[in-house]
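File shown: query_37.txt. Contents: compact mmCIF, C-alpha atoms and all ligand atoms.
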# COMPACT_ATOMS: atom_id res chain seq x y z
CA PRO A 1 52.07 126.60 83.26
CA HIS A 2 54.88 125.68 85.69
CA GLU A 3 57.67 123.14 85.26
CA GLY A 4 56.14 119.67 84.84
CA TYR A 5 57.51 116.25 85.66
CA GLY A 6 56.68 112.81 84.27
CA ARG A 7 58.01 109.32 84.90
CA THR A 8 57.70 105.94 83.22
CA TRP A 9 59.83 102.76 83.22
CA ALA A 10 61.71 100.35 81.02
CA LYS A 11 59.87 97.22 79.91
CA ALA A 12 60.83 93.67 79.08
CA ILE A 13 58.98 91.14 76.97
CA LEU A 14 59.02 87.87 78.90
CA ILE A 15 57.76 85.82 75.98
CA GLY A 16 55.81 86.17 72.73
CA GLU A 17 57.85 88.72 70.76
CA HIS A 18 57.43 88.33 67.00
CA SER A 19 54.51 85.88 67.23
CA VAL A 20 52.49 88.73 68.86
CA VAL A 21 52.70 90.50 65.49
CA TYR A 22 50.69 87.60 64.03
CA GLY A 23 47.93 87.60 66.64
CA HIS A 24 49.43 85.30 69.27
CA PRO A 25 49.64 86.29 72.95
CA ALA A 26 52.67 87.97 74.52
CA LEU A 27 53.61 88.94 78.05
CA ALA A 28 55.54 92.08 78.96
CA LEU A 29 56.28 93.79 82.25
CA PRO A 30 57.50 97.17 83.50
CA LEU A 31 60.92 97.20 85.18
CA HIS A 32 60.27 99.59 88.01
CA SER A 33 63.92 99.92 88.98
CA LEU A 34 64.75 101.46 85.58
CA ARG A 35 63.16 104.88 85.34
CA MET A 36 62.65 107.27 82.46
CA GLN A 37 62.09 110.80 83.74
CA ALA A 38 61.07 113.92 81.84
CA TRP A 39 60.84 117.59 82.71
CA ALA A 40 58.97 120.22 80.71
CA ALA A 41 59.79 123.85 81.52
CA PRO A 42 57.78 126.67 79.92
CA ALA A 43 59.86 128.73 77.46
CA THR A 44 59.55 132.48 77.81
CA GLU A 45 58.32 134.50 74.85
CA GLY A 46 60.78 134.55 71.96
CA GLU A 47 62.87 131.76 73.49
CA GLU A 48 63.52 128.74 71.27
CA PRO A 49 62.41 125.46 72.94
CA GLN A 50 65.43 123.26 73.73
CA LEU A 51 65.81 119.51 74.10
CA SER A 52 68.22 117.63 76.33
CA ALA A 53 67.96 113.87 75.77
CA LEU A 54 70.53 111.05 75.48
CA ASP A 55 73.61 112.75 74.04
CA TYR A 56 71.65 115.56 72.36
CA GLU A 57 71.57 119.16 73.57
CA GLY A 58 70.01 121.70 71.25
CA PRO A 59 66.87 123.12 69.70
CA LEU A 60 63.89 120.78 69.99
CA ALA A 61 62.85 121.62 66.43
CA GLY A 62 66.22 120.60 64.99
CA SER A 63 66.63 117.38 66.98
CA GLY A 64 66.39 115.05 63.98
CA GLU A 65 64.69 111.75 63.14
CA ARG A 66 65.81 110.01 66.33
CA PHE A 67 63.59 112.30 68.40
CA GLY A 68 60.65 112.43 65.98
CA GLY A 69 58.46 110.47 68.39
CA LEU A 70 59.38 112.75 71.26
CA ARG A 71 58.53 115.89 69.25
CA ARG A 72 55.25 114.28 68.26
CA ALA A 73 54.54 113.59 71.96
CA VAL A 74 54.96 117.33 72.65
CA GLU A 75 52.78 118.27 69.68
CA VAL A 76 49.87 115.91 70.36
CA THR A 77 49.83 116.74 74.07
CA LEU A 78 49.83 120.53 73.54
CA ASN A 79 47.09 120.06 70.92
CA TYR A 80 45.13 118.00 73.39
CA LEU A 81 45.51 120.76 75.99
CA GLY A 82 44.64 123.40 73.40
CA THR A 83 47.76 125.46 74.24
CA THR A 84 49.88 125.24 71.10
CA GLY A 85 51.17 128.81 71.52
CA GLN A 86 53.33 127.94 74.55
CA GLY A 87 56.74 126.36 73.94
CA PHE A 88 58.52 124.05 76.39
CA HIS A 89 62.11 123.08 77.07
CA ILE A 90 62.19 119.30 77.38
CA ARG A 91 64.73 117.25 79.28
CA THR A 92 64.76 113.49 79.69
CA GLU A 93 66.93 111.32 81.87
CA SER A 94 67.02 107.55 81.56
CA ASP A 95 68.35 104.81 83.83
CA PHE A 96 68.59 102.39 80.86
CA PRO A 97 70.05 102.34 77.34
CA ALA A 98 68.11 103.24 74.20
CA GLY A 99 67.77 100.86 71.28
CA ARG A 100 68.11 97.59 73.19
CA GLY A 101 64.48 96.44 73.24
CA LEU A 102 63.78 97.94 76.66
CA GLY A 103 61.11 100.29 75.36
CA SER A 104 63.03 103.53 75.66
CA SER A 105 61.13 105.36 72.90
CA ALA A 106 57.70 104.58 74.34
CA ALA A 107 58.97 105.33 77.84
CA ALA A 108 60.35 108.72 76.75
CA SER A 109 57.15 109.65 74.90
CA GLY A 110 55.04 108.61 77.87
CA ALA A 111 57.19 110.58 80.32
CA VAL A 112 57.07 113.71 78.13
CA VAL A 113 53.26 113.46 77.75
CA ARG A 114 52.99 113.24 81.55
CA ALA A 115 55.41 116.11 82.16
CA LEU A 116 53.40 118.43 79.91
CA LEU A 117 50.09 117.44 81.49
CA ASP A 118 51.68 118.05 84.90
CA ALA A 119 52.86 121.50 83.78
CA TYR A 120 49.17 122.43 83.44
CA ASP A 121 48.01 120.38 86.45
CA ALA A 122 45.72 118.62 83.98
CA ALA A 123 43.85 115.62 85.37
CA VAL A 124 43.68 113.20 82.46
CA SER A 125 42.50 109.59 82.30
CA ASP A 126 45.03 106.79 81.84
CA GLU A 127 43.35 105.91 78.54
CA ASP A 128 43.91 109.40 77.16
CA ILE A 129 47.55 109.36 78.28
CA LEU A 130 48.05 106.00 76.55
CA ARG A 131 46.38 107.26 73.39
CA LEU A 132 48.69 110.30 73.29
CA THR A 133 51.74 108.08 73.89
CA ASN A 134 50.68 105.71 71.13
CA GLN A 135 50.26 108.60 68.71
CA ALA A 136 53.88 109.53 69.39
CA GLU A 137 54.99 105.90 69.00
CA GLN A 138 53.45 105.76 65.54
CA VAL A 139 56.14 108.16 64.37
CA THR A 140 58.88 105.93 65.75
CA HIS A 141 57.50 102.48 64.94
CA GLY A 142 54.84 102.85 62.25
CA HIS A 143 52.46 100.21 63.58
CA PRO A 144 53.17 99.75 67.25
CA SER A 145 51.22 96.99 68.94
CA GLY A 146 50.63 99.30 71.92
CA LEU A 147 52.41 96.86 74.20
CA ASP A 148 55.38 99.18 74.84
CA ALA A 149 53.23 102.22 75.60
CA ALA A 150 51.05 100.27 78.02
CA THR A 151 53.86 98.42 79.74
CA THR A 152 56.26 101.33 80.21
CA SER A 153 53.62 103.18 82.19
CA GLY A 154 51.98 100.17 83.81
CA GLN A 155 51.91 98.76 87.31
CA GLY A 156 52.70 95.15 86.44
CA PRO A 157 52.76 92.38 83.82
CA VAL A 158 50.42 92.71 80.88
CA ARG A 159 49.18 90.12 78.41
CA LEU A 160 48.51 91.33 74.89
CA GLU A 161 46.68 89.37 72.22
CA GLN A 162 45.29 90.84 69.02
CA GLY A 163 45.33 94.33 70.49
CA ALA A 164 43.45 93.31 73.65
CA MET A 165 45.32 93.84 76.88
CA ARG A 166 44.80 92.49 80.34
CA THR A 167 46.69 92.54 83.63
CA VAL A 168 48.46 89.34 84.64
CA ARG A 169 48.96 88.45 88.31
CA PRO A 170 52.04 86.28 88.72
CA ARG A 171 52.24 83.81 91.58
CA GLY A 172 55.14 82.06 93.27
CA ALA A 173 58.60 83.57 93.53
CA ALA A 174 61.15 84.24 90.81
CA TYR A 175 63.68 86.75 89.56
CA LEU A 176 64.52 87.99 86.12
CA VAL A 177 68.09 88.75 85.11
CA ILE A 178 68.26 91.07 82.13
CA ALA A 179 71.51 91.60 80.28
CA ASP A 180 72.46 93.95 77.48
CA THR A 181 74.63 92.34 74.78
CA GLY A 182 75.87 95.80 73.82
CA VAL A 183 74.93 94.93 70.24
CA ALA A 184 72.35 97.27 68.70
CA GLY A 185 69.57 95.20 67.13
CA SER A 186 67.02 96.84 64.86
CA THR A 187 63.49 95.71 65.71
CA LYS A 188 62.26 97.02 62.37
CA GLU A 189 64.84 94.95 60.47
CA ALA A 190 64.03 91.87 62.57
CA VAL A 191 60.27 92.20 62.03
CA GLU A 192 60.74 92.74 58.27
CA GLY A 193 63.09 89.75 58.03
CA VAL A 194 60.55 87.49 59.73
CA ARG A 195 57.80 88.74 57.44
CA GLY A 196 59.91 87.99 54.38
CA ARG A 197 60.67 84.45 55.56
CA LEU A 198 57.01 83.84 56.40
CA GLU A 199 55.97 84.97 52.92
CA ALA A 200 58.60 82.77 51.30
CA ASP A 201 57.62 79.67 53.31
CA PRO A 202 54.12 80.12 54.76
CA ASP A 203 53.78 76.50 55.92
CA GLY A 204 57.19 75.93 57.47
CA VAL A 205 57.64 79.36 59.05
CA GLY A 206 53.91 79.50 59.87
CA ARG A 207 54.37 76.35 61.98
CA LEU A 208 57.25 77.95 63.87
CA MET A 209 55.08 80.98 64.52
CA ASP A 210 52.13 78.95 65.80
CA GLU A 211 54.45 76.96 68.04
CA LEU A 212 55.96 80.19 69.41
CA GLY A 213 52.41 81.36 70.16
CA ASN A 214 51.68 78.06 71.97
CA GLN A 215 54.81 78.42 74.07
CA ALA A 216 53.83 81.96 75.04
CA ALA A 217 50.28 80.97 75.96
CA ALA A 218 51.53 78.08 78.10
CA ALA A 219 54.16 80.29 79.75
CA ILE A 220 51.55 82.89 80.74
CA ALA A 221 49.38 80.19 82.30
CA ASP A 222 52.42 78.90 84.22
CA LEU A 223 53.27 82.35 85.51
CA GLU A 224 49.73 82.86 86.77
CA ALA A 225 49.85 79.48 88.50
CA GLY A 226 53.34 79.98 89.96
CA ARG A 227 54.88 77.06 87.99
CA MET A 228 58.37 78.46 87.48
CA GLU A 229 60.19 75.41 86.09
CA PRO A 230 57.79 74.82 83.21
CA LEU A 231 57.81 78.57 82.61
CA GLY A 232 61.58 78.37 82.18
CA ASP A 233 61.22 75.45 79.75
CA HIS A 234 58.81 77.46 77.62
CA MET A 235 61.28 80.32 77.57
CA ASN A 236 64.02 77.95 76.38
CA GLN A 237 61.80 76.56 73.64
CA ALA A 238 60.80 80.06 72.59
CA GLN A 239 64.49 80.89 72.24
CA GLU A 240 64.97 77.94 69.85
CA LEU A 241 62.01 79.03 67.77
CA LEU A 242 63.24 82.64 67.67
CA ASP A 243 66.59 81.32 66.48
CA ALA A 244 64.83 79.35 63.76
CA LEU A 245 63.09 82.60 62.75
CA GLN A 246 66.64 84.02 62.40
CA VAL A 247 66.35 86.86 64.86
CA GLY A 248 69.14 85.54 67.08
CA HIS A 249 72.71 86.73 67.41
CA PRO A 250 75.92 84.94 68.49
CA THR A 251 76.32 87.25 71.50
CA LEU A 252 72.75 86.51 72.59
CA ASP A 253 73.47 82.77 72.24
CA LYS A 254 76.59 83.07 74.34
CA LEU A 255 74.78 84.86 77.19
CA VAL A 256 71.76 82.53 77.00
CA GLN A 257 74.06 79.49 77.33
CA GLU A 258 75.98 81.10 80.17
CA ALA A 259 72.77 81.83 82.08
CA ARG A 260 71.60 78.24 81.67
CA SER A 261 74.94 76.79 82.81
CA ASN A 262 74.65 78.95 85.92
CA GLY A 263 71.29 77.58 86.94
CA ALA A 264 68.77 79.72 85.06
CA LEU A 265 65.37 78.01 84.79
CA GLY A 266 65.12 79.43 81.29
CA ALA A 267 66.83 82.03 79.12
CA LYS A 268 66.03 83.77 75.86
CA LEU A 269 66.38 86.99 73.93
CA THR A 270 63.89 89.75 74.71
CA GLY A 271 62.42 92.23 72.24
CA GLY A 272 63.14 92.34 68.54
CA GLY A 273 66.43 90.37 68.69
CA LEU A 274 69.44 90.57 66.30
CA GLY A 275 71.23 91.92 69.39
CA GLY A 276 69.73 93.95 72.21
CA CYS A 277 68.96 92.27 75.51
CA MET A 278 68.44 88.75 76.80
CA LEU A 279 66.67 87.66 79.94
CA ALA A 280 66.95 84.71 82.29
CA LEU A 281 64.54 83.33 84.86
CA ALA A 282 66.08 82.58 88.26
CA ALA A 283 64.46 80.70 91.13
CA ASP A 284 65.77 82.97 93.87
CA GLY A 285 67.88 86.04 94.56
CA ASP A 286 71.15 84.11 95.04
CA ASP A 287 70.75 82.35 91.69
CA ALA A 288 69.90 85.68 90.08
CA ASP A 289 73.06 87.34 91.47
CA ARG A 290 75.26 84.43 90.39
CA ILE A 291 73.78 84.43 86.89
CA GLY A 292 74.18 88.19 86.68
CA GLN A 293 77.85 88.00 87.63
CA ALA A 294 78.47 85.20 85.13
CA LEU A 295 76.84 87.24 82.36
CA LYS A 296 79.02 90.24 83.19
CA ALA A 297 82.10 88.02 83.11
CA GLN A 298 81.00 86.87 79.62
CA GLY A 299 80.96 90.48 78.44
CA ALA A 300 77.39 91.63 79.04
CA GLN A 301 77.49 95.41 78.95
CA GLN A 302 74.97 95.88 81.74
CA VAL A 303 72.99 93.51 83.92
CA TRP A 304 69.82 94.19 85.92
CA VAL A 305 68.09 91.93 88.40
CA HIS A 306 64.35 92.31 88.74
CA ARG A 307 62.02 90.59 91.17
CA LEU A 308 59.33 89.03 88.99
CA VAL A 309 56.83 88.23 91.70
CA ALA A 310 56.42 90.84 94.40
O1 LIG B 401 62.38 95.36 70.34
P1 LIG B 401 61.15 95.73 71.11
O2 LIG B 401 61.30 95.73 72.58
O3 LIG B 401 60.50 97.00 70.59
O4 LIG B 401 60.07 94.56 70.89
C1 LIG B 401 59.65 94.15 69.62
C2 LIG B 401 58.59 93.11 69.72
C3 LIG B 401 58.16 92.52 68.40
O5 LIG B 401 57.21 91.51 68.72
C4 LIG B 401 59.32 91.88 67.69
C5 LIG B 401 57.53 93.54 67.47
C6 LIG B 401 56.19 94.10 67.92
O6 LIG B 401 55.76 95.12 67.34
O7 LIG B 401 55.52 93.51 68.79
Write-out of the structure in structure tokens:
Amino acid sequence: PHEGYGRTWAKAILIGEHSVVYGHPALALPLHSLRMQAWAAPATEGEEPQLSALDYEGPLAGSGERFGGLRRAVEVTLNYLGTTGQGFHIRTESDFPAGRGLGSSAAASGAVVRALLDAYDAAVSDEDILRLTNQAEQVTHGHPSGLDAATTSGQGPVRLEQGAMRTVRPRGAAYLVIADTGVAGSTKEAVEGVRGRLEADPDGVGRLMDELGNQAAAAIADLEAGRMEPLGDHMNQAQELLDALQVGHPTLDKLVQEARSNGALGAKLTGGGLGGCMLALAADGDDADRIGQALKAQGAQQVWVHRLVA
């Protein structure tokens, strides 16, 4: 093998987080300006494989729970290739923060899988690459919906419903402004909290969930028809429902309000919530830049502008 290289991207959920867990549709898209890159360099005999990722530099084997998914990505890919005797030094480099709902774990696993396959010049189907990435994600997330793995390596927006995925072709013109609150939100904690509230009040919370699913379905139809204003309204309503499910956060609220007062067509949290990132829909590039600057002035740690419709 030679040194291999792999690349994936960050992802954002436009709408449908949480209700997707209960069988409703969701829409997510890759953010092609935010790359995750990985390199896999063959270790020579007797050399201990090293990992360089985030703030970690050290033996791959001793890299701890945080990198369990990444180690699993190495393991399942080398098994797949039938070359478990060869060790690799792994290095990842990310343009976006980890643990903010941007899909960094799936993106890193996907990039590492690709880097190892590249090291052997292995021609492998997209389905097999996704399957390997999902196996790694199971270590990180337990029961991943597969949305992150598919989106972080995908070409464009994807609709997921009950495990079935299809490509979505947006029409019209719009921009997304994505902002990091700087608050770490645990997706696992958020998902467990919602489950607990649903079990305690199946009717009341069940209605919120169904309504969230309706908003997501309507939003996807709007995006495919190029109806940006109604799409924004659905995002706003989804935000209220997510708040009612108690996955909001005061810093998210502050940024969502700020985006709306600066002309966003809609604004909501993205991903698991309890912190992490928010996103806003902007009609054009000028609106997007103004919203982005306002969010920074309100304390957003980082802001990215993404063209939603190419
Ligand atoms: O926080 P993220 O980006 O991993 O998104 C979580 C999305 C949820 O719907 C809350 C959970 C899930 O498994 O789909």
**Request:** To one decimal in Å, tell me the separation between CA of Ala294 in chain A and CA of Glu93 in chain A.
**Result:** 28.7 Å
**Request:** For Leu212 in chain A, please output as a list in words all residues within 10 Å (counting only C-alpha atoms; exclusion window: fewer than 4 positions along the same chain).
**Result:** Ile15, Gly16, Glu17, His18, Ser19, Val20, His24, Pro25, Ala26, Gly206, Arg207, Leu208, Ala216, Ala217, Ala218, His234, Met235, Gln237, Ala238, Gln239, Glu240, Leu241 and Leu242 of chain A
**At most 8 Å from ligand LIG 401 (chain B) (all atoms listed in the file): residue list as JSON, numbers by chain** = {"A": [11, 12, 13, 16, 17, 18, 19, 20, 21, 99, 100, 101, 102, 103, 141, 143, 144, 145, 147, 148, 185, 186, 187, 188, 190, 191, 270, 271, 272, 273, 276]}
**Message:** For a test of reading the model, state the distance in Å between CA of Asp128 in chain A and CA of Gln50 in chain A, rounded to one decimal.
**Reply:**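 We find that CA of Asp128 in chain A and CA of Gln50 in chain A lie 25.8 Å from each other.
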**Message:** So the first atom is CA of Val168 in chain A and the second is CA of Thr140 in chain A; what is the distance between them in Å, to one decimal place?
**Reply:** 27.2 Å
**Message:** Here is a test: counting all atoms listed in the file, which residue of A:Ala179, A:Phe88, A:Asn214, A:Ser104 is nearest to His306 in chain A?
**Reply:**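 Of A:Ala179, A:Phe88, A:Asn214, A:Ser104, the one nearest His306 in chain A, counting all atoms listed in the file, is A:Ala179.
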Could I get the residues of range 76-190 of chain A with an atom no further than 12 Å from an atom of range 252-261 of chain A, each paired with its nearest atom pair and that distance in Å to one decimal, using all atoms listed in the file, sorted by chain and residue number, as a Markdown table?
| residue | atom | partner | partner_atom | distance |
| --- | --- | --- | --- | --- |
| A:Leu176 | CA | A:Ala259 | CA | 11.1 |
| A:Val177 | CA | A:Ala259 | CA | 8.9 |
| A:Ile178 | CA | A:Leu255 | CA | 10.3 |
| A:Ala179 | CA | A:Leu255 | CA | 8.1 |
| A:Asp180 | CA | A:Leu252 | CA | 8.9 |
| A:Thr181 | CA | A:Leu252 | CA | 6.5 |
| A:Gly182 | CA | A:Leu252 | CA | 9.9 |
| A:Val183 | CA | A:Leu252 | CA | 9.0 |
| A:Ala184 | CA | A:Leu252 | CA | 11.4 |
| A:Gly185 | CA | A:Leu252 | CA | 10.7 |
